[in-house]
$ cat query_0.txt   # compact mmCIF, C-alpha atoms
# COMPACT_ATOMS: atom_id res chain seq x y z
CA GLY A 260 204.57 -38.56 126.95
CA ILE A 261 207.99 -40.07 126.56
CA ASN A 262 208.22 -41.38 130.11
CA ALA A 263 204.85 -43.11 130.01
CA GLU A 264 205.53 -44.80 126.67
CA TYR A 265 208.78 -46.29 127.87
CA GLY A 266 207.37 -47.60 131.12
CA GLY A 267 208.35 -44.45 132.96
CA PHE A 268 206.74 -42.76 135.89
CA PRO A 269 204.46 -39.79 136.49
CA ALA A 270 206.24 -36.54 137.36
CA ASN A 271 204.41 -36.26 140.69
CA THR A 272 206.15 -39.42 141.94
CA LEU A 273 209.53 -37.69 141.55
CA LEU A 274 208.91 -34.93 144.07
CA GLY A 275 211.56 -35.10 146.78
CA LEU A 276 213.51 -37.92 145.10
CA SER A 277 216.39 -35.84 143.70
CA SER A 278 219.20 -37.21 145.86
CA ASP A 279 217.89 -40.78 145.75
CA PHE A 280 217.15 -40.59 142.00
CA ASN A 281 220.79 -39.82 141.18
CA ASP A 282 222.29 -42.29 143.65
CA GLU A 283 223.79 -45.20 141.70
CA ASP A 284 223.53 -47.56 144.67
CA LYS A 285 219.81 -47.09 145.39
CA TYR A 286 216.88 -48.99 144.01
CA LEU A 287 213.63 -47.03 143.98
CA LEU A 288 210.11 -48.41 144.10
CA ILE A 289 208.02 -46.16 141.85
CA ASN A 290 204.56 -47.22 140.63
CA ASP A 291 205.03 -50.83 141.82
CA ARG A 292 208.24 -51.20 139.83
CA VAL A 293 211.79 -51.33 141.11
CA TRP A 294 214.06 -48.91 139.26
CA ASP A 295 217.81 -49.30 139.32
CA TYR A 296 220.12 -46.44 138.38
CA ASP A 297 220.55 -47.51 134.74
CA ASP A 298 216.77 -47.72 134.18
CA ARG A 299 216.28 -44.29 135.72
CA LYS A 300 219.07 -42.82 133.63
CA VAL A 301 217.62 -44.10 130.33
CA VAL A 302 214.18 -42.66 131.10
CA LEU A 303 215.78 -39.35 132.11
CA GLN A 304 217.83 -39.25 128.90
CA ARG A 305 214.73 -39.89 126.78
CA ALA A 306 212.90 -37.07 128.54
CA GLN A 307 215.87 -34.73 128.09
CA THR A 308 216.11 -35.63 124.40
CA GLY A 309 212.41 -34.90 123.99
CA TYR A 310 212.94 -31.54 125.69
CA PHE A 311 215.85 -30.78 123.35
CA VAL A 312 213.72 -31.61 120.29
CA THR A 313 210.94 -29.37 121.65
CA ILE A 314 213.36 -26.46 121.93
CA VAL A 315 214.66 -26.99 118.38
CA LEU A 316 211.19 -27.16 116.81
CA SER A 317 209.96 -24.18 118.85
CA GLN A 318 212.96 -22.17 117.69
CA ILE A 319 212.14 -23.01 114.08
CA ALA A 320 208.59 -21.75 114.63
CA ASP A 321 209.99 -18.62 116.27
CA LEU A 322 212.32 -18.08 113.30
CA CYS A 323 209.36 -18.27 110.92
CA VAL A 324 207.25 -15.75 112.83
CA SER A 325 210.17 -13.38 113.39
CA LYS A 326 210.69 -12.91 109.65
CA THR A 327 208.50 -9.83 109.57
CA ARG A 328 207.29 -7.36 112.13
CA LYS A 329 203.86 -6.61 110.65
CA LEU A 330 203.26 -8.72 107.57
CA SER A 331 201.77 -12.16 107.84
CA MET A 332 204.05 -15.03 106.91
CA PHE A 333 201.46 -15.83 104.22
CA GLN A 334 201.91 -12.33 102.73
CA GLN A 335 205.71 -12.47 102.96
CA GLY A 336 206.20 -16.07 101.87
CA MET A 337 209.14 -18.38 102.53
CA ARG A 338 211.56 -17.40 99.76
CA ASN A 339 214.64 -16.70 101.88
CA ILE A 340 216.97 -19.54 100.90
CA VAL A 341 219.44 -18.73 103.69
CA MET A 342 216.70 -19.01 106.31
CA ILE A 343 215.37 -22.25 104.85
CA THR A 344 218.91 -23.65 104.73
CA GLY A 345 219.36 -22.64 108.38
CA MET A 346 216.20 -24.51 109.37
CA VAL A 347 217.33 -27.63 107.48
CA VAL A 348 220.77 -27.44 109.11
CA MET A 349 219.17 -26.99 112.55
CA LEU A 350 217.00 -30.09 112.04
CA THR A 351 219.96 -32.05 110.67
CA ILE A 352 222.08 -31.20 113.70
CA ALA A 353 219.21 -32.13 116.04
CA CYS A 354 218.85 -35.50 114.29
CA ALA A 355 222.60 -36.09 114.41
CA LEU A 356 222.74 -35.29 118.12
CA THR A 357 219.81 -37.63 118.72
CA TYR A 358 220.65 -40.63 116.54
CA ILE A 359 224.39 -40.80 115.75
CA PRO A 360 226.12 -42.80 118.52
CA PRO A 361 229.37 -40.86 119.04
CA LEU A 362 227.42 -37.61 119.25
CA ASN A 363 224.48 -38.75 121.33
CA VAL A 364 226.69 -40.66 123.78
CA GLY A 365 228.82 -37.58 124.33
CA LEU A 366 225.78 -35.37 124.95
CA GLY A 367 223.68 -37.90 126.83
CA THR A 368 220.82 -38.00 124.34
CA VAL A 369 219.16 -41.21 123.20
CA PRO A 370 217.15 -42.08 120.09
CA ILE A 371 213.45 -41.29 120.31
CA THR A 372 210.60 -42.37 118.05
CA PHE A 373 209.08 -40.22 115.30
CA LEU A 374 206.00 -39.77 117.47
CA HIS A 375 208.11 -37.89 120.00
CA TRP A 376 209.11 -35.41 117.33
CA LEU A 377 205.39 -34.59 116.98
CA HIS A 378 204.86 -33.67 120.66
CA PRO A 379 206.32 -30.14 120.25
CA LEU A 380 204.11 -29.28 117.27
CA PRO A 381 201.25 -27.85 119.38
CA PHE A 382 203.75 -25.41 120.92
CA ALA A 383 205.03 -24.44 117.47
CA PHE A 384 201.46 -23.91 116.22
CA LEU A 385 200.66 -21.84 119.31
CA ILE A 386 203.69 -19.61 118.68
CA PHE A 387 202.68 -19.25 115.03
CA PHE A 388 198.99 -18.58 115.78
CA TYR A 389 199.80 -16.04 118.52
CA ASP A 390 202.19 -14.05 116.34
CA GLU A 391 199.97 -14.12 113.24
CA THR A 392 197.08 -12.85 115.39
CA ARG A 393 199.32 -10.13 116.86
CA LYS A 394 200.45 -9.03 113.41
CA TYR A 395 196.86 -9.00 112.14
CA LEU A 396 195.77 -6.77 115.04
CA ILE A 397 198.69 -4.42 114.39
CA ARG A 398 197.78 -4.13 110.70
CA ARG A 399 194.11 -3.60 111.55
CA SER A 400 194.78 -0.85 114.14
CA PRO A 401 198.11 0.87 113.44
CA GLY A 402 199.35 2.72 116.51
CA GLY A 403 196.83 0.89 118.71
CA TRP A 404 197.30 -0.91 122.02
CA VAL A 405 198.64 -4.13 120.47
CA GLU A 406 201.27 -2.29 118.43
CA THR A 407 202.24 -0.07 121.35
CA ASN A 408 202.70 -2.98 123.75
CA THR A 409 203.91 -5.85 121.58
CA TYR A 410 205.78 -4.27 118.66
CA TYR A 411 209.51 -4.78 118.86
$ encode --input "query_0.txt" --output "structure tokens"
Amino acid sequence: GINAEYGGFPANTLLGLSSDFNDEDKYLLINDRVWDYDDRKVVLQRAQTGYFVTIVLSQIADLCVSKTRKLSMFQQGMRNIVMITGMVVMLTIACALTYIPPLNVGLGTVPITFLHWLHPLPFAFLIFFYDETRKYLIRRSPGGWVETNTYY
């Protein structure tokens, strides 16, 4: 993950450190390394930026699967220019908030590598696969259990 790549620390070492972690005057010994406040803040900002990117990419996947209620995305296609424009704008804003200094300084994000943009893809594929399977089951058994309990 992001923390490990940047010389961070495992999440289980953070349990119970909340007040000390945010104290600017304390130095913490985590995994045989001394962390000052600035080091801790950078690692936290990278993790928060990665979380932000995960939300954006998951929302794009959700937008794709929410296009139709029963039809597969493969049957419907991606011809809605307004939706495609919205996805491009969403990604552009996410990049701007991550990489453009006046914006990322104001929001507390920091630049991350391209690899970190790939971490959310399994979640996006899971959202896509789940909803395509749900839609398939609804088409196969109209009025069945899946449609009754998952159709919105």
$ residues_around --input "query_0.txt" --residues "region 342-355 of chain A" --least-positions-apart "5" --cutoff "10 Å" --atoms "all atoms listed in the file" --output "PDB file with C-alpha atoms, in the coordinates of the input"
ATOM      1  CA  THR A 308     216.110 -35.630 124.400  1.00  0.00           C
ATOM      2  CA  PHE A 311     215.850 -30.780 123.350  1.00  0.00           C
ATOM      3  CA  VAL A 312     213.720 -31.610 120.290  1.00  0.00           C
ATOM      4  CA  VAL A 315     214.660 -26.990 118.380  1.00  0.00           C
ATOM      5  CA  LEU A 316     211.190 -27.160 116.810  1.00  0.00           C
ATOM      6  CA  GLN A 318     212.960 -22.170 117.690  1.00  0.00           C
ATOM      7  CA  ILE A 319     212.140 -23.010 114.080  1.00  0.00           C
ATOM      8  CA  ALA A 320     208.590 -21.750 114.630  1.00  0.00           C
ATOM      9  CA  LEU A 322     212.320 -18.080 113.300  1.00  0.00           C
ATOM     10  CA  CYS A 323     209.360 -18.270 110.920  1.00  0.00           C
ATOM     11  CA  LYS A 326     210.690 -12.910 109.650  1.00  0.00           C
ATOM     12  CA  MET A 337     209.140 -18.380 102.530  1.00  0.00           C
ATOM     13  CA  PRO A 360     226.120 -42.800 118.520  1.00  0.00           C
ATOM     14  CA  PRO A 361     229.370 -40.860 119.040  1.00  0.00           C
ATOM     15  CA  LEU A 362     227.420 -37.610 119.250  1.00  0.00           C
ATOM     16  CA  ASN A 363     224.480 -38.750 121.330  1.00  0.00           C
ATOM     17  CA  PRO A 370     217.150 -42.080 120.090  1.00  0.00           C
ATOM     18  CA  ILE A 371     213.450 -41.290 120.310  1.00  0.00           C
TER      19      ILE A 371
END
$ closest_atom_pairs --input "query_0.txt" --of "region 311-393 of chain A" --to "region 291-304 of chain A" --cutoff "8 Å" --atoms "all atoms listed in the file" --output "tab-separated table"
residue	atom	partner	partner_atom	distance
A:Gly367	CA	A:Gln304	CA	6.4
A:Thr368	CA	A:Gln304	CA	5.6
A:Val369	CA	A:Gln304	CA	6.2
$ closest_atom_pairs --input "query_0.txt" --of "region 302-380 of chain A" --to "region 393-406 of chain A" --cutoff "8 Å" --atoms "all atoms listed in the file" --output "JSON lines"
{"residue": "A:Arg328", "atom": "CA", "partner": "A:Lys394", "partner_atom": "CA", "distance": 7.2}
{"residue": "A:Lys329", "atom": "CA", "partner": "A:Lys394", "partner_atom": "CA", "distance": 5.0}
{"residue": "A:Leu330", "atom": "CA", "partner": "A:Lys394", "partner_atom": "CA", "distance": 6.5}
{"residue": "A:Ser331", "atom": "CA", "partner": "A:Lys394", "partner_atom": "CA", "distance": 6.5}
$ closest_residue --input "query_0.txt" --among "A:Arg305, A:His378, A:Asn408, A:Phe387" --to "Tyr358 (chain A)" --atoms "all atoms listed in the file"
A:Arg305
$ residues_around --input "query_0.txt" --residues "Thr272 (chain A)" --least-positions-apart "5" --cutoff "12 Å" --atoms "all atoms listed in the file" --output "list in words"
Gly267, Ser277, Phe280, Leu287, Leu288, Ile289, Asn290 and Asp291 of chain A
$ closest_residue --input "query_0.txt" --among "A:Phe268, A:Gln307, A:Thr407, A:Thr392" --to "Met332 (chain A)" --atoms "only C-alpha atoms"
A:Thr392
$ atom_distance --input "query_0.txt" --atom1 "CA of Leu374 (chain A)" --atom2 "CA of Ser325 (chain A)"
27.0 Å
$ decode --input "query_0.txt" --residues "region 277-406 of chain A" --atoms "C-alpha atoms" --output "compact mmCIF listing (two decimals), in the first residue's frame"
# COMPACT_ATOMS: atom_id res chain seq x y z
CA SER A 277 -4.22 8.99 18.14
CA SER A 278 -3.30 11.71 20.63
CA ASP A 279 0.44 11.08 20.31
CA PHE A 280 0.27 10.79 16.51
CA ASN A 281 -1.16 14.31 16.17
CA ASP A 282 1.09 15.90 18.78
CA GLU A 283 3.62 18.13 17.01
CA ASP A 284 6.08 17.93 19.90
CA LYS A 285 6.30 14.13 20.14
CA TYR A 286 8.64 11.78 18.38
CA LEU A 287 7.29 8.26 17.96
CA LEU A 288 9.27 5.05 17.62
CA ILE A 289 7.36 2.89 15.14
CA ASN A 290 8.96 -0.14 13.49
CA ASP A 291 12.47 0.81 14.69
CA ARG A 292 12.21 4.26 13.12
CA VAL A 293 11.75 7.59 14.84
CA TRP A 294 8.91 9.60 13.32
CA ASP A 295 8.63 13.32 13.85
CA TYR A 296 5.38 15.18 13.24
CA ASP A 297 6.24 16.24 9.67
CA ASP A 298 7.10 12.66 8.63
CA ARG A 299 3.86 11.37 10.13
CA LYS A 300 1.85 14.10 8.43
CA VAL A 301 3.27 13.31 4.96
CA VAL A 302 2.48 9.61 5.30
CA LEU A 303 -1.03 10.44 6.54
CA GLN A 304 -1.59 12.82 3.61
CA ARG A 305 -0.49 10.17 1.11
CA ALA A 306 -2.88 7.67 2.65
CA GLN A 307 -5.72 10.21 2.61
CA THR A 308 -4.99 11.06 -1.03
CA GLY A 309 -5.07 7.36 -1.90
CA TYR A 310 -8.42 7.07 -0.12
CA PHE A 311 -9.76 10.06 -2.06
CA VAL A 312 -8.66 8.50 -5.37
CA THR A 313 -10.33 5.22 -4.35
CA ILE A 314 -13.61 7.03 -3.75
CA VAL A 315 -13.44 8.83 -7.11
CA LEU A 316 -12.71 5.67 -9.11
CA SER A 317 -15.35 3.68 -7.21
CA GLN A 318 -17.90 6.40 -7.96
CA ILE A 319 -17.04 6.19 -11.65
CA ALA A 320 -17.64 2.43 -11.54
CA ASP A 321 -20.92 3.04 -9.71
CA LEU A 322 -21.95 5.58 -12.35
CA CYS A 323 -21.32 3.02 -15.09
CA VAL A 324 -23.36 0.27 -13.44
CA SER A 325 -26.19 2.63 -12.49
CA LYS A 326 -26.87 3.51 -16.13
CA THR A 327 -29.51 0.83 -16.46
CA ARG A 328 -31.65 -1.11 -14.05
CA LYS A 329 -31.83 -4.41 -15.94
CA LEU A 330 -29.75 -4.24 -19.10
CA SER A 331 -26.09 -5.11 -19.05
CA MET A 332 -23.70 -2.26 -19.72
CA PHE A 333 -22.54 -4.31 -22.71
CA GLN A 334 -26.11 -4.31 -24.11
CA GLN A 335 -26.63 -0.61 -23.40
CA GLY A 336 -23.22 0.65 -24.45
CA MET A 337 -21.44 3.85 -23.44
CA ARG A 338 -22.92 6.38 -25.88
CA ASN A 339 -24.09 9.00 -23.37
CA ILE A 340 -21.73 11.90 -24.08
CA VAL A 341 -22.88 13.83 -20.99
CA MET A 342 -22.03 10.88 -18.74
CA ILE A 343 -18.65 10.34 -20.39
CA THR A 344 -17.91 14.06 -20.07
CA GLY A 345 -18.87 13.87 -16.39
CA MET A 346 -16.43 11.00 -15.82
CA VAL A 347 -13.62 12.89 -17.58
CA VAL A 348 -14.37 16.01 -15.53
CA MET A 349 -14.42 13.95 -12.32
CA LEU A 350 -11.00 12.45 -13.12
CA THR A 351 -9.63 15.86 -14.13
CA ILE A 352 -10.76 17.40 -10.84
CA ALA A 353 -9.25 14.48 -8.90
CA CYS A 354 -5.93 14.95 -10.71
CA ALA A 355 -6.01 18.70 -10.13
CA LEU A 356 -6.70 18.24 -6.42
CA THR A 357 -3.86 15.72 -6.21
CA TYR A 358 -1.13 17.35 -8.30
CA ILE A 359 -1.65 21.13 -8.61
CA PRO A 360 0.10 22.83 -5.67
CA PRO A 361 -2.36 25.59 -4.72
CA LEU A 362 -5.21 23.08 -4.73
CA ASN A 363 -3.50 20.16 -3.05
CA VAL A 364 -1.94 22.35 -0.36
CA GLY A 365 -5.33 23.81 0.49
CA LEU A 366 -6.94 20.38 0.74
CA GLY A 367 -4.02 18.55 2.32
CA THR A 368 -3.50 16.08 -0.52
CA VAL A 369 -0.09 15.18 -1.89
CA PRO A 370 1.03 13.75 -5.24
CA ILE A 371 0.91 9.97 -5.49
CA THR A 372 2.40 7.66 -8.10
CA PHE A 373 0.47 6.14 -10.99
CA LEU A 374 0.64 2.78 -9.23
CA HIS A 375 -1.50 4.19 -6.43
CA TRP A 376 -4.21 5.05 -8.94
CA LEU A 377 -4.36 1.32 -9.74
CA HIS A 378 -5.06 0.18 -6.15
CA PRO A 379 -8.80 1.02 -6.34
CA LEU A 380 -9.35 -0.93 -9.56
CA PRO A 381 -10.19 -4.23 -7.82
CA PHE A 382 -12.98 -2.42 -5.96
CA ALA A 383 -14.28 -0.92 -9.21
CA PHE A 384 -14.20 -4.34 -10.89
CA LEU A 385 -16.00 -5.87 -7.91
CA ILE A 386 -18.75 -3.24 -8.13
CA PHE A 387 -19.04 -3.83 -11.88
CA PHE A 388 -19.03 -7.65 -11.59
CA TYR A 389 -21.58 -7.65 -8.75
CA ASP A 390 -24.02 -5.41 -10.59
CA GLU A 391 -23.66 -7.18 -13.95
CA THR A 392 -24.34 -10.49 -12.17
CA ARG A 393 -27.36 -8.97 -10.39
CA LYS A 394 -28.76 -7.65 -13.67
CA TYR A 395 -28.19 -11.00 -15.38
CA LEU A 396 -30.10 -12.81 -12.62
CA ILE A 397 -32.95 -10.31 -12.87
CA ARG A 398 -33.19 -10.80 -16.64
CA ARG A 399 -33.04 -14.57 -16.26
CA SER A 400 -35.77 -14.74 -13.58
CA PRO A 401 -38.08 -11.71 -13.84
CA GLY A 402 -40.02 -11.20 -10.62
CA GLY A 403 -37.70 -13.61 -8.77
CA TRP A 404 -35.91 -13.23 -5.45
CA VAL A 405 -33.03 -11.16 -6.85
CA GLU A 406 -35.37 -8.66 -8.51
